[in-house]
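query-v3.txt, holding compact mmCIF, C-alpha atoms and all ligand atoms:
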```
# COMPACT_ATOMS: atom_id res chain seq x y z
CA MET Q 7 -30.61 -10.62 127.19
CA PHE Q 8 -32.67 -10.03 124.01
CA VAL Q 9 -34.70 -12.38 121.81
CA SER Q 10 -32.41 -11.80 118.85
CA ASP Q 11 -28.75 -12.86 118.86
CA CYS Q 12 -27.92 -10.01 116.47
CA ILE Q 13 -28.42 -7.41 119.15
CA SER Q 14 -26.21 -6.16 121.94
CA VAL Q 15 -25.52 -3.04 123.97
CA ASN Q 16 -22.46 -0.77 123.63
CA GLU Q 17 -20.50 1.19 126.27
CA LYS Q 18 -22.96 4.09 125.97
CA GLY Q 19 -25.80 1.78 126.91
CA HIS Q 20 -27.17 2.00 123.38
CA LEU Q 21 -28.63 -0.90 121.47
CA THR Q 22 -26.42 -2.12 118.62
CA LEU Q 23 -27.08 -4.19 115.51
CA GLY Q 24 -24.32 -5.51 113.26
CA GLY Q 25 -21.81 -3.35 115.11
CA CYS Q 26 -23.82 -0.15 114.56
CA ASP Q 27 -25.26 2.02 117.31
CA THR Q 28 -28.98 2.02 116.52
CA THR Q 29 -29.45 5.57 117.85
CA GLU Q 30 -26.86 6.72 115.29
CA LEU Q 31 -28.74 4.82 112.57
CA ALA Q 32 -31.88 6.67 113.62
CA ALA Q 33 -30.05 10.00 113.50
CA GLN Q 34 -28.43 9.30 110.14
CA PHE Q 35 -31.35 7.75 108.25
CA GLY Q 36 -34.36 9.05 110.20
CA THR Q 37 -37.21 7.10 111.75
CA PRO Q 38 -39.13 4.93 111.33
CA LEU Q 39 -36.32 2.80 109.97
CA TYR Q 40 -35.96 -0.90 109.21
CA ALA Q 41 -32.44 -2.16 109.92
CA PHE Q 42 -31.11 -5.62 109.01
CA ASP Q 43 -28.03 -7.53 110.14
CA GLU Q 44 -26.57 -8.61 106.81
CA GLU Q 45 -24.07 -11.07 108.26
CA GLN Q 46 -26.83 -12.90 110.11
CA ILE Q 47 -29.00 -13.12 106.98
CA ARG Q 48 -26.04 -14.61 105.12
CA GLN Q 49 -25.29 -16.97 108.00
CA ASN Q 50 -28.89 -18.20 108.08
CA ALA Q 51 -28.77 -18.79 104.32
CA ARG Q 52 -25.50 -20.72 104.69
CA ASP Q 53 -26.85 -22.81 107.57
CA TYR Q 54 -29.80 -23.90 105.46
CA LYS Q 55 -27.62 -24.58 102.45
CA LYS Q 56 -25.20 -26.61 104.56
CA SER Q 57 -28.03 -28.70 105.92
CA ILE Q 58 -29.03 -29.69 102.36
CA ASP Q 59 -25.40 -30.62 101.71
CA ASP Q 60 -25.06 -32.55 104.97
CA ASN Q 61 -28.37 -34.38 104.90
CA TYR Q 62 -29.07 -34.94 101.21
CA GLY Q 63 -25.55 -34.87 99.76
CA GLY Q 64 -26.36 -31.55 98.11
CA ASN Q 65 -29.31 -33.05 96.22
CA GLY Q 66 -31.64 -30.16 96.92
CA LEU Q 67 -32.10 -26.41 96.89
CA VAL Q 68 -33.04 -23.83 99.49
CA LEU Q 69 -35.56 -21.32 98.19
CA TYR Q 70 -35.86 -18.08 100.11
CA ALA Q 71 -39.57 -17.27 100.39
CA SER Q 72 -39.21 -13.71 99.20
CA LYS Q 73 -42.58 -12.54 100.46
CA ALA Q 74 -41.04 -12.36 103.94
CA PHE Q 75 -38.90 -9.41 102.82
CA CYS Q 76 -38.66 -8.68 99.14
CA CYS Q 77 -36.42 -6.04 97.62
CA LYS Q 78 -33.65 -6.08 95.05
CA GLU Q 79 -30.80 -6.19 97.56
CA MET Q 80 -32.34 -9.15 99.37
CA CYS Q 81 -32.58 -10.99 96.02
CA ARG Q 82 -28.91 -10.19 95.33
CA ILE Q 83 -27.83 -11.51 98.72
CA CYS Q 84 -29.78 -14.74 98.22
CA ASN Q 85 -28.22 -15.17 94.79
CA GLU Q 86 -24.72 -14.60 96.19
CA GLU Q 87 -25.38 -17.21 98.88
CA GLY Q 88 -26.53 -19.78 96.31
CA LEU Q 89 -30.21 -19.82 97.25
CA GLY Q 90 -33.16 -20.07 94.91
CA LEU Q 91 -36.21 -17.86 95.26
CA ASP Q 92 -39.89 -18.46 95.90
CA VAL Q 93 -42.11 -15.73 94.45
CA VAL Q 94 -45.89 -15.47 94.64
CA SER Q 95 -46.73 -12.63 92.30
CA GLY Q 96 -45.71 -10.84 89.14
CA GLY Q 97 -44.37 -8.05 91.35
CA GLU Q 98 -42.05 -10.33 93.30
CA LEU Q 99 -40.95 -11.93 90.02
CA TRP Q 100 -40.26 -8.48 88.59
CA THR Q 101 -38.21 -7.54 91.65
CA ALA Q 102 -36.11 -10.70 91.40
CA LEU Q 103 -35.50 -10.30 87.66
CA SER Q 104 -34.66 -6.60 88.13
CA ALA Q 105 -31.99 -7.67 90.61
CA GLY Q 106 -30.52 -10.03 88.01
CA PHE Q 107 -31.69 -13.16 89.80
CA PRO Q 108 -31.31 -16.24 87.57
CA ALA Q 109 -34.82 -17.15 86.38
CA GLY Q 110 -34.09 -20.88 86.46
CA LYS Q 111 -33.82 -20.73 90.26
CA ILE Q 112 -37.14 -18.92 90.69
CA TYR Q 113 -40.18 -20.92 91.78
CA PHE Q 114 -43.51 -19.25 91.08
CA HIS Q 115 -46.25 -19.89 93.67
CA GLY Q 116 -49.73 -18.50 94.27
CA ASN Q 117 -53.31 -19.74 94.42
CA ASN Q 118 -54.66 -17.41 91.75
CA LYS Q 119 -52.03 -16.53 89.19
CA THR Q 120 -53.47 -14.33 86.48
CA PRO Q 121 -53.02 -15.20 82.80
CA ALA Q 122 -50.65 -12.22 82.63
CA GLU Q 123 -48.53 -13.59 85.51
CA ILE Q 124 -48.41 -17.05 83.94
CA THR Q 125 -47.26 -15.48 80.68
CA GLU Q 126 -44.61 -13.42 82.51
CA ALA Q 127 -43.35 -16.51 84.32
CA LEU Q 128 -43.08 -18.53 81.09
CA GLU Q 129 -41.43 -15.68 79.21
CA ALA Q 130 -38.89 -15.20 81.99
CA GLY Q 131 -38.20 -18.95 81.99
CA VAL Q 132 -38.75 -19.51 85.72
CA GLY Q 133 -37.52 -22.84 87.07
CA ARG Q 134 -40.88 -24.16 88.24
CA ILE Q 135 -44.46 -23.00 88.42
CA ILE Q 136 -46.29 -24.42 91.41
CA VAL Q 137 -49.79 -25.20 90.17
CA ASP Q 138 -52.61 -24.68 92.63
CA ASN Q 139 -55.76 -25.91 90.86
CA LEU Q 140 -57.15 -27.56 87.71
CA THR Q 141 -58.23 -24.31 86.06
CA GLU Q 142 -54.69 -23.05 86.37
CA LEU Q 143 -53.26 -26.34 85.08
CA GLU Q 144 -55.40 -26.10 81.95
CA LEU Q 145 -54.58 -22.44 81.45
CA LEU Q 146 -50.87 -23.08 81.88
CA ASN Q 147 -50.96 -25.95 79.37
CA LYS Q 148 -52.74 -23.67 76.90
CA ILE Q 149 -50.42 -20.65 77.30
CA ALA Q 150 -47.30 -22.86 77.22
CA GLY Q 151 -48.64 -24.46 74.00
CA GLU Q 152 -49.19 -21.07 72.39
CA LYS Q 153 -45.63 -20.11 73.30
CA GLY Q 154 -44.19 -23.43 72.17
CA VAL Q 155 -42.60 -24.15 75.55
CA THR Q 156 -42.91 -26.86 78.18
CA ALA Q 157 -43.93 -25.65 81.63
CA ASN Q 158 -42.01 -27.41 84.39
CA ILE Q 159 -44.33 -27.65 87.35
CA LEU Q 160 -44.81 -28.81 90.89
CA MET Q 161 -48.33 -29.20 92.22
CA ARG Q 162 -49.41 -27.86 95.59
CA ILE Q 163 -50.88 -30.55 97.81
CA LYS Q 164 -52.81 -30.19 101.06
CA PRO Q 165 -51.32 -32.94 103.19
CA GLY Q 166 -54.00 -32.40 105.85
CA ILE Q 167 -51.62 -31.55 108.67
CA ASP Q 168 -52.70 -29.20 111.44
CA ALA Q 169 -49.57 -27.33 112.44
CA HIS Q 170 -50.89 -25.83 115.72
CA THR Q 171 -50.38 -22.27 114.77
CA HIS Q 172 -52.54 -19.18 114.40
CA ASN Q 173 -55.69 -19.90 112.37
CA PHE Q 174 -55.07 -17.15 109.85
CA ILE Q 175 -51.76 -18.63 108.83
CA ARG Q 176 -52.65 -22.30 108.90
CA THR Q 177 -52.64 -23.71 105.40
CA GLY Q 178 -52.17 -27.48 105.51
CA GLN Q 179 -55.67 -28.68 106.36
CA ILE Q 180 -58.48 -29.47 103.94
CA ASP Q 181 -60.29 -26.18 104.54
CA SER Q 182 -57.64 -24.09 102.84
CA LYS Q 183 -57.67 -22.01 99.69
CA PHE Q 184 -54.29 -23.47 98.71
CA GLY Q 185 -53.76 -26.57 96.62
CA PHE Q 186 -55.24 -30.00 95.89
CA ALA Q 187 -56.76 -32.20 98.59
CA LEU Q 188 -55.37 -35.71 98.99
CA GLU Q 189 -58.20 -37.44 100.80
CA THR Q 190 -60.89 -36.58 98.25
CA GLY Q 191 -58.93 -37.98 95.31
CA GLU Q 192 -58.61 -34.49 93.87
CA ALA Q 193 -54.81 -34.59 93.95
CA MET Q 194 -54.54 -37.96 92.14
CA HIS Q 195 -56.98 -36.74 89.52
CA ALA Q 196 -54.84 -33.64 88.99
CA VAL Q 197 -51.66 -35.70 88.72
CA ARG Q 198 -53.25 -37.85 85.98
CA LYS Q 199 -54.27 -34.70 84.12
CA ALA Q 200 -50.84 -33.12 84.49
CA VAL Q 201 -48.96 -36.11 83.12
CA SER Q 202 -51.39 -36.29 80.19
CA TYR Q 203 -50.93 -32.66 79.14
CA LYS Q 204 -48.58 -32.11 76.24
CA ASN Q 205 -47.01 -28.83 77.38
CA ILE Q 206 -46.61 -29.73 81.05
CA ASN Q 207 -43.75 -31.54 82.76
CA LEU Q 208 -44.72 -32.63 86.26
CA ALA Q 209 -41.44 -32.60 88.20
CA GLY Q 210 -42.87 -33.11 91.67
CA LEU Q 211 -45.15 -31.92 94.42
CA HIS Q 212 -45.14 -29.19 97.00
CA CYS Q 213 -46.67 -28.65 100.41
CA HIS Q 214 -46.48 -25.83 102.92
CA ILE Q 215 -48.22 -26.57 106.19
CA GLY Q 216 -48.19 -23.19 107.92
CA SER Q 217 -45.94 -20.60 109.46
CA GLN Q 218 -44.20 -19.86 112.75
CA ILE Q 219 -44.22 -23.60 113.61
CA PHE Q 220 -42.21 -24.74 116.63
CA GLU Q 221 -42.64 -28.50 116.48
CA LEU Q 222 -40.85 -31.09 114.38
CA ASN Q 223 -43.72 -33.48 114.22
CA PRO Q 224 -45.92 -31.70 111.66
CA PHE Q 225 -42.99 -31.44 109.23
CA GLU Q 226 -42.12 -35.14 109.58
CA LEU Q 227 -45.76 -36.08 109.21
CA ALA Q 228 -46.13 -33.93 106.11
CA ALA Q 229 -43.04 -35.52 104.53
CA LYS Q 230 -44.48 -38.99 105.24
CA VAL Q 231 -47.87 -38.14 103.77
CA MET Q 232 -46.28 -36.67 100.65
CA LEU Q 233 -43.96 -39.63 100.09
CA ARG Q 234 -46.79 -42.12 100.53
CA PHE Q 235 -48.55 -40.22 97.78
CA TYR Q 236 -45.38 -40.46 95.63
CA ALA Q 237 -45.56 -44.23 96.09
CA ASP Q 238 -49.29 -44.25 95.19
CA ILE Q 239 -48.57 -42.23 92.06
CA LYS Q 240 -45.84 -44.67 91.07
CA LYS Q 241 -48.17 -47.62 91.60
CA GLU Q 242 -51.15 -46.13 89.78
CA THR Q 243 -49.47 -44.31 86.90
CA GLY Q 244 -45.99 -45.82 86.70
CA PHE Q 245 -44.68 -42.28 87.00
CA GLU Q 246 -41.85 -41.57 89.46
CA LEU Q 247 -41.61 -37.93 90.56
CA ASP Q 248 -38.17 -36.32 90.87
CA GLU Q 249 -38.69 -33.43 93.28
CA LEU Q 250 -40.30 -32.82 96.65
CA ASP Q 251 -40.80 -29.31 97.97
CA LEU Q 252 -41.50 -29.33 101.71
CA GLY Q 253 -42.25 -25.61 102.02
CA GLY Q 254 -41.29 -23.26 104.83
CA GLY Q 255 -42.82 -22.30 108.12
CA PHE Q 256 -40.00 -22.71 110.66
CA GLY Q 257 -40.66 -20.61 113.72
CA ILE Q 258 -38.47 -17.86 115.13
CA LYS Q 259 -38.18 -16.27 118.54
CA TYR Q 260 -40.32 -13.18 119.03
CA LEU Q 261 -40.44 -13.49 122.81
CA GLU Q 262 -38.10 -15.14 125.28
CA SER Q 263 -40.77 -17.82 125.84
CA ASP Q 264 -40.68 -18.93 122.18
CA LYS Q 265 -38.69 -22.13 121.70
CA PRO Q 266 -38.04 -22.80 118.03
CA VAL Q 267 -36.28 -25.94 116.84
CA ALA Q 268 -32.75 -25.21 115.65
CA TYR Q 269 -32.79 -25.45 111.82
CA PRO Q 270 -29.96 -28.00 111.53
CA GLU Q 271 -31.83 -30.26 113.94
CA TYR Q 272 -35.07 -29.82 112.03
CA MET Q 273 -33.37 -30.57 108.71
CA LYS Q 274 -31.65 -33.63 110.14
CA SER Q 275 -34.76 -35.23 111.54
CA VAL Q 276 -36.91 -34.49 108.48
CA ALA Q 277 -34.14 -35.91 106.26
CA ALA Q 278 -34.08 -39.08 108.36
CA THR Q 279 -37.85 -39.38 107.91
CA VAL Q 280 -37.58 -38.77 104.16
CA LYS Q 281 -34.88 -41.39 103.73
CA SER Q 282 -36.54 -44.09 105.83
CA CYS Q 283 -39.90 -43.44 104.13
CA CYS Q 284 -38.38 -43.72 100.67
CA ALA Q 285 -36.63 -46.97 101.56
CA GLU Q 286 -39.81 -48.42 103.05
CA LEU Q 287 -41.99 -47.38 100.11
CA GLY Q 288 -39.54 -48.28 97.37
CA VAL Q 289 -39.30 -44.80 95.88
CA LYS Q 290 -36.07 -42.92 95.18
CA VAL Q 291 -35.09 -40.03 97.45
CA PRO Q 292 -36.26 -36.98 95.49
CA PHE Q 293 -34.45 -33.69 94.97
CA ILE Q 294 -35.49 -31.75 98.09
CA LEU Q 295 -36.62 -28.15 98.21
CA ILE Q 296 -37.32 -26.11 101.32
CA GLU Q 297 -38.67 -22.59 101.47
CA PRO Q 298 -37.71 -20.70 104.61
CA GLY Q 299 -38.83 -17.07 104.67
CA ARG Q 300 -39.33 -15.80 108.21
CA SER Q 301 -36.43 -17.82 109.62
CA ILE Q 302 -33.95 -16.30 107.13
CA VAL Q 303 -34.75 -12.65 107.87
CA GLY Q 304 -37.12 -12.35 110.82
CA SER Q 305 -34.68 -12.20 113.72
CA THR Q 306 -32.12 -10.23 111.74
CA GLY Q 307 -34.24 -7.10 111.49
CA LEU Q 308 -35.56 -4.46 113.84
CA THR Q 309 -37.59 -1.29 113.48
CA LEU Q 310 -36.54 2.02 115.03
CA TYR Q 311 -39.10 4.64 115.96
CA THR Q 312 -38.99 8.01 117.69
CA VAL Q 313 -41.27 8.38 120.69
CA GLY Q 314 -43.62 11.35 120.26
CA SER Q 315 -45.58 11.27 123.48
CA VAL Q 316 -46.22 9.23 126.60
CA LYS Q 317 -49.80 9.30 127.84
CA THR Q 318 -50.62 7.70 131.16
CA ILE Q 319 -54.31 7.13 131.83
CA PRO Q 320 -54.46 6.49 135.60
CA GLY Q 321 -55.80 3.05 136.41
CA VAL Q 322 -56.06 2.17 132.72
CA ARG Q 323 -52.77 2.08 130.86
CA THR Q 324 -49.82 4.00 129.47
CA TYR Q 325 -49.69 4.73 125.77
CA VAL Q 326 -46.32 5.35 124.16
CA SER Q 327 -46.91 6.86 120.72
CA VAL Q 328 -44.34 6.36 117.98
CA ASP Q 329 -43.86 7.86 114.52
CA GLY Q 330 -44.88 4.65 112.69
CA GLY Q 331 -47.38 1.89 113.41
CA MET Q 332 -49.70 -0.38 111.43
CA GLY Q 333 -48.46 1.14 108.17
CA ASP Q 334 -44.97 -0.28 108.63
CA ASN Q 335 -45.94 -3.23 110.86
CA PRO Q 336 -49.52 -4.52 110.52
CA ARG Q 337 -48.81 -7.80 112.30
CA TYR Q 338 -50.23 -6.78 115.65
CA ILE Q 339 -53.50 -5.50 114.23
CA LEU Q 340 -53.71 -8.62 112.00
CA TYR Q 341 -52.62 -11.39 114.38
CA GLN Q 342 -51.91 -9.80 117.77
CA ALA Q 343 -48.32 -10.78 117.02
CA ASP Q 344 -45.80 -10.71 119.86
CA TYR Q 345 -42.76 -8.45 119.87
CA GLU Q 346 -40.05 -7.45 122.29
CA VAL Q 347 -39.60 -3.70 122.69
CA VAL Q 348 -36.44 -1.93 123.89
CA CYS Q 349 -35.61 1.72 124.33
CA ALA Q 350 -32.49 1.96 122.15
CA ASN Q 351 -30.90 4.83 124.08
CA LYS Q 352 -31.69 3.28 127.50
CA ALA Q 353 -30.96 -0.33 126.63
CA ASN Q 354 -29.18 -1.10 129.92
CA GLU Q 355 -31.97 0.29 132.08
CA LYS Q 356 -34.62 -1.91 133.62
CA ARG Q 357 -37.78 -2.46 131.63
CA ASP Q 358 -40.05 -1.55 134.52
CA LEU Q 359 -42.73 0.38 132.65
CA THR Q 360 -45.71 -1.52 131.27
CA ALA Q 361 -46.76 0.31 128.13
CA THR Q 362 -48.91 0.01 125.05
CA ILE Q 363 -46.96 1.05 121.98
CA ALA Q 364 -49.30 2.97 119.68
CA GLY Q 365 -48.89 4.03 116.07
CA LYS Q 366 -49.93 7.32 114.52
CA CYS Q 367 -52.78 6.07 112.30
CA CYS Q 368 -56.42 6.97 112.84
CA GLU Q 369 -57.38 3.52 114.16
CA SER Q 370 -57.65 2.59 117.83
CA GLY Q 371 -56.29 -0.83 116.83
CA ASP Q 372 -53.12 0.73 115.43
CA LEU Q 373 -50.86 -0.75 118.08
CA ILE Q 374 -47.47 -2.41 117.91
CA GLN Q 375 -47.78 -4.17 121.26
CA GLU Q 376 -50.04 -3.94 124.32
CA ASN Q 377 -48.95 -3.89 127.94
CA THR Q 378 -45.37 -4.76 127.16
CA PRO Q 379 -42.38 -4.15 129.44
CA VAL Q 380 -40.18 -1.26 128.35
CA GLN Q 381 -37.77 1.22 129.94
CA GLN Q 382 -39.09 4.52 131.37
CA VAL Q 383 -39.38 6.26 128.02
CA GLU Q 384 -40.04 9.90 127.20
CA ALA Q 385 -40.58 11.98 124.07
CA GLY Q 386 -37.53 11.94 121.82
CA ASP Q 387 -36.34 8.48 122.86
CA ILE Q 388 -35.65 5.89 120.18
CA LEU Q 389 -37.72 2.75 120.49
CA ALA Q 390 -36.59 -0.50 118.90
CA VAL Q 391 -39.07 -3.26 118.08
CA LEU Q 392 -37.12 -6.49 117.67
CA SER Q 393 -37.45 -9.34 115.17
CA THR Q 394 -39.32 -7.30 112.56
CA GLY Q 395 -37.24 -8.51 109.63
CA ALA Q 396 -40.01 -10.67 108.16
CA TYR Q 397 -43.51 -9.65 107.09
CA ASN Q 398 -43.09 -6.02 108.09
CA TYR Q 399 -41.72 -4.04 105.14
CA SER Q 400 -43.36 -6.56 102.81
CA MET Q 401 -46.76 -5.98 104.42
CA ALA Q 402 -46.39 -2.21 104.76
CA SER Q 403 -49.00 0.18 103.41
CA ASN Q 404 -49.48 3.90 102.90
CA TYR Q 405 -52.55 4.12 105.14
CA ASN Q 406 -53.16 7.74 106.16
CA ARG Q 407 -50.73 8.59 103.35
CA ILE Q 408 -47.77 7.91 105.57
CA PRO Q 409 -44.67 7.28 103.45
CA ARG Q 410 -43.09 3.85 103.85
CA PRO Q 411 -39.85 3.90 105.86
CA ALA Q 412 -36.35 3.37 104.55
CA ALA Q 413 -34.40 0.14 105.10
CA VAL Q 414 -30.69 -0.29 105.76
CA MET Q 415 -28.32 -3.26 105.85
CA VAL Q 416 -25.72 -3.13 108.57
CA ARG Q 417 -22.52 -5.15 108.65
CA ASP Q 418 -19.22 -4.75 110.51
CA GLY Q 419 -20.25 -1.39 111.89
CA ASN Q 420 -21.25 0.04 108.50
CA ALA Q 421 -24.76 0.82 107.31
CA ARG Q 422 -25.94 1.16 103.75
CA LEU Q 423 -29.30 2.20 102.41
CA ILE Q 424 -31.08 -0.60 100.52
CA ILE Q 425 -34.57 0.95 100.26
CA ARG Q 426 -35.10 4.70 100.12
CA ARG Q 427 -37.68 6.32 102.35
CA GLU Q 428 -40.79 7.20 100.36
CA SER Q 429 -41.36 10.90 99.78
CA TYR Q 430 -44.61 12.84 99.73
CA LYS Q 431 -44.11 13.06 95.99
CA ASP Q 432 -44.00 9.26 95.76
CA LEU Q 433 -47.39 9.23 97.46
CA THR Q 434 -49.08 11.23 94.70
CA GLU Q 435 -47.06 9.76 91.84
CA ASN Q 436 -49.95 7.66 90.52
CA ASP Q 437 -52.75 10.11 91.30
CA ILE Q 438 -54.28 11.62 88.15
C1 LIG B 1 -45.15 -18.08 103.13
C2 LIG B 1 -44.61 -19.25 102.43
C3 LIG B 1 -43.33 -19.73 102.74
C4 LIG B 1 -42.49 -19.15 103.83
O1 LIG B 1 -43.03 -19.30 105.08
P1 LIG B 1 -42.21 -18.86 106.39
O2 LIG B 1 -43.14 -19.13 107.49
O3 LIG B 1 -41.92 -17.42 106.22
O4 LIG B 1 -40.98 -19.69 106.41
C5 LIG B 1 -42.84 -20.78 102.01
N1 LIG B 1 -43.57 -21.36 101.02
C6 LIG B 1 -44.80 -20.93 100.70
C7 LIG B 1 -45.53 -21.57 99.60
C8 LIG B 1 -45.36 -19.87 101.39
O5 LIG B 1 -46.58 -19.46 101.07
```
Transcribe the structure of this file into structure tokens.
Ligand SMILES: *Cc1c(COP(=O)(O)O)cnc(C)c1O
Amino acid sequence: MFVSDCISVNEKGHLTLGGCDTTELAAQFGTPLYAFDEEQIRQNARDYKKSIDDNYGGNGLVLYASKAFCCKEMCRICNEEGLGLDVVSGGELWTALSAGFPAGKIYFHGNNKTPAEITEALEAGVGRIIVDNLTELELLNKIAGEKGVTANILMRIKPGIDAHTHNFIRTGQIDSKFGFALETGEAMHAVRKAVSYKNINLAGLHCHIGSQIFELNPFELAAKVMLRFYADIKKETGFELDELDLGGGFGIKYLESDKPVAYPEYMKSVAATVKSCCAELGVKVPFILIEPGRSIVGSTGLTLYTVGSVKTIPGVRTYVSVDGGMGDNPRYILYQADYEVVCANKANEKRDLTATIAGKCCESGDLIQENTPVQQVEAGDILAVLSTGAYNYSMASNYNRIPRPAAVMVRDGNARLIIRRESYKDLTENDI
């Protein structure tokens, strides 16, 4: 009935998540509220982990791409489920370390790490630093030398794959700010440099071809391109790389019409490609890393709002205004992202109203969804926007000085606060 499997409807006709009545969550914790189905997050993590065990005999590691939803509790859950972590900033690294996440399982990404971030990563002893460019490689070699440590690295490669997704989030092709290009010889040049540097240990290469991808083909193609390059490196330098990080990007269902590949199926077919490629090229099967972000948390979360007003402009459209908006979910204003909307206290009723869900910020573009089907809502109703677990809280802002919402984990009918709602005092905390 709904895009997310985590959601159902109880005998009162109210939307439920993880066994909790979402209208009760709204009453208890206030709105706007992010709510996550903890069991489903853990299940997704286990499914990915199992696929590494099944397809590579356990010779690999699943890294949760923490930028999708980063907070201490999420880091703890990933650690408990045996995942590693992908971080892209000093702030994400700080969050992970504050949660007691083992540094050796943290992979540090980013296309413009500052000298301070590189120093923090080396001092923490992160597992790998994923180097983006030659300037960074030199800087890393220098800082590692000063500290008397060896930096274990992967290098980010642009495999040149077009993953048929939204332009803003397409990162595999040559016109991308991320990584070294293969076809220009830049990547081979960088590999030669890396293996020559005294304080660098090149463990392997990384690619990430985009996000919200529904097809298998781009992933298989990327794996092939990368492994051919492994063979070239072996031939030209005699150096055999140990690790291959294939990135994230697996799509999830935002609308009923979205048809993502089931993760086990994706993992199986990419593994088959990896194995046959390695055999053909005469290179060993590397330790495999994958970095799912959205597909671990996206479908497990929803956002609850209270409807403030319903404004019908005859012959134009109906605006339903909620107590949040682009501050807690900027994905519509950024990408015109799709979402399914349900009135939580009328979940069994027909969605026969076509409405534009508007936020409370002073921007006409502050919308959550345009002309979307929803129940006949009125002021005071609770509106649920589904599949907001990824890239919502992590992209939230304080525009218009609106405090960021709280977040709760729900499991077996119980809810617990994992992120407090910001207060007005929090908003002025750094003002002088
Ligand atoms: C964003 C990102 C991911 C996660 O992407 P999803 O689409 O959320 O799975 C993984 N790796 C890197 C390097 C990223 O930048």
Write out as JSON lines a residue-level contact list of chain Q versus ligand LIG 1 (chain B) with cut-off 8 Å: for each qualifying residue the closest pair of atoms and the distance in Å to one decimal, counting only C-alpha atoms and all ligand atoms, rows sorted by chain and residue number upward.
```
{"residue": "Q:Tyr70", "atom": "CA", "partner": "B:LIG1", "partner_atom": "C4", "distance": 7.7}
{"residue": "Q:Ala71", "atom": "CA", "partner": "B:LIG1", "partner_atom": "C4", "distance": 4.9}
{"residue": "Q:Ser72", "atom": "CA", "partner": "B:LIG1", "partner_atom": "C4", "distance": 7.9}
{"residue": "Q:Lys73", "atom": "CA", "partner": "B:LIG1", "partner_atom": "C1", "distance": 6.7}
{"residue": "Q:Ala74", "atom": "CA", "partner": "B:LIG1", "partner_atom": "O3", "distance": 5.6}
{"residue": "Q:Asp92", "atom": "CA", "partner": "B:LIG1", "partner_atom": "N1", "distance": 6.9}
{"residue": "Q:Val94", "atom": "CA", "partner": "B:LIG1", "partner_atom": "O5", "distance": 7.6}
{"residue": "Q:His115", "atom": "CA", "partner": "B:LIG1", "partner_atom": "C7", "distance": 6.2}
{"residue": "Q:Gly116", "atom": "CA", "partner": "B:LIG1", "partner_atom": "C7", "distance": 7.4}
{"residue": "Q:Cys213", "atom": "CA", "partner": "B:LIG1", "partner_atom": "C7", "distance": 7.2}
{"residue": "Q:His214", "atom": "CA", "partner": "B:LIG1", "partner_atom": "C7", "distance": 5.5}
{"residue": "Q:Gly216", "atom": "CA", "partner": "B:LIG1", "partner_atom": "O2", "distance": 6.5}
{"residue": "Q:Ser217", "atom": "CA", "partner": "B:LIG1", "partner_atom": "O2", "distance": 3.7}
{"residue": "Q:Gln218", "atom": "CA", "partner": "B:LIG1", "partner_atom": "O2", "distance": 5.4}
{"residue": "Q:Ile219", "atom": "CA", "partner": "B:LIG1", "partner_atom": "O2", "distance": 7.7}
{"residue": "Q:Gly253", "atom": "CA", "partner": "B:LIG1", "partner_atom": "N1", "distance": 4.6}
{"residue": "Q:Gly254", "atom": "CA", "partner": "B:LIG1", "partner_atom": "O4", "distance": 3.9}
{"residue": "Q:Gly255", "atom": "CA", "partner": "B:LIG1", "partner_atom": "O2", "distance": 3.2}
{"residue": "Q:Phe256", "atom": "CA", "partner": "B:LIG1", "partner_atom": "O4", "distance": 5.3}
{"residue": "Q:Gly257", "atom": "CA", "partner": "B:LIG1", "partner_atom": "O2", "distance": 6.9}
{"residue": "Q:Ile296", "atom": "CA", "partner": "B:LIG1", "partner_atom": "C5", "distance": 7.7}
{"residue": "Q:Glu297", "atom": "CA", "partner": "B:LIG1", "partner_atom": "C5", "distance": 4.6}
{"residue": "Q:Pro298", "atom": "CA", "partner": "B:LIG1", "partner_atom": "O4", "distance": 3.9}
{"residue": "Q:Gly299", "atom": "CA", "partner": "B:LIG1", "partner_atom": "O3", "distance": 3.5}
{"residue": "Q:Arg300", "atom": "CA", "partner": "B:LIG1", "partner_atom": "O3", "distance": 3.6}
{"residue": "Q:Ser301", "atom": "CA", "partner": "B:LIG1", "partner_atom": "O4", "distance": 5.9}
{"residue": "Q:Ile302", "atom": "CA", "partner": "B:LIG1", "partner_atom": "O4", "distance": 7.8}
{"residue": "Q:Ala396", "atom": "CA", "partner": "B:LIG1", "partner_atom": "O3", "distance": 7.3}
{"residue": "Q:Tyr397", "atom": "CA", "partner": "B:LIG1", "partner_atom": "O3", "distance": 8.0}
```
| said: Show me the residues around (-43.5, -23.7, 119.9) - criterion: an atom at most 12 Å away, all atoms listed in the file counted - as an MDAnalysis selection string. | reply: chainID Q and resid 169:172 217:224 255:268
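Between Q:Asn207 and the candidates Q:Gly133, Q:Gly36, Q:Gly19, Q:Gly314, the tightest atom-to-atom separation, counting all atoms listed in the file, involves Q:Gly133.
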| note | Pairwise distance, atom CA of Q:Val231 with atom CA of Q:Val276, equals 12.5 Å
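Our summary of the geometry notes that atom CA of Q:Leu31 is positioned 24.9 Å from atom CA of Q:Asp372.
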Can you report as JSON the centre and edge lengths in Å, to one decimal, of an axis-aligned box around the listed atoms of stretch 83-97 of chain Q padded with 8 Å on each side?
```
{"center_x": -35.7, "center_y": -14.1, "center_z": 94.0, "size_x": 38.0, "size_y": 28.0, "size_z": 25.7}
```
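Counting only C-alpha atoms and comparing Q:Glu435, Q:Asp59, Q:Asp53, Q:Glu129, the residue that lies closest to Q:Tyr269 is Q:Asp53.
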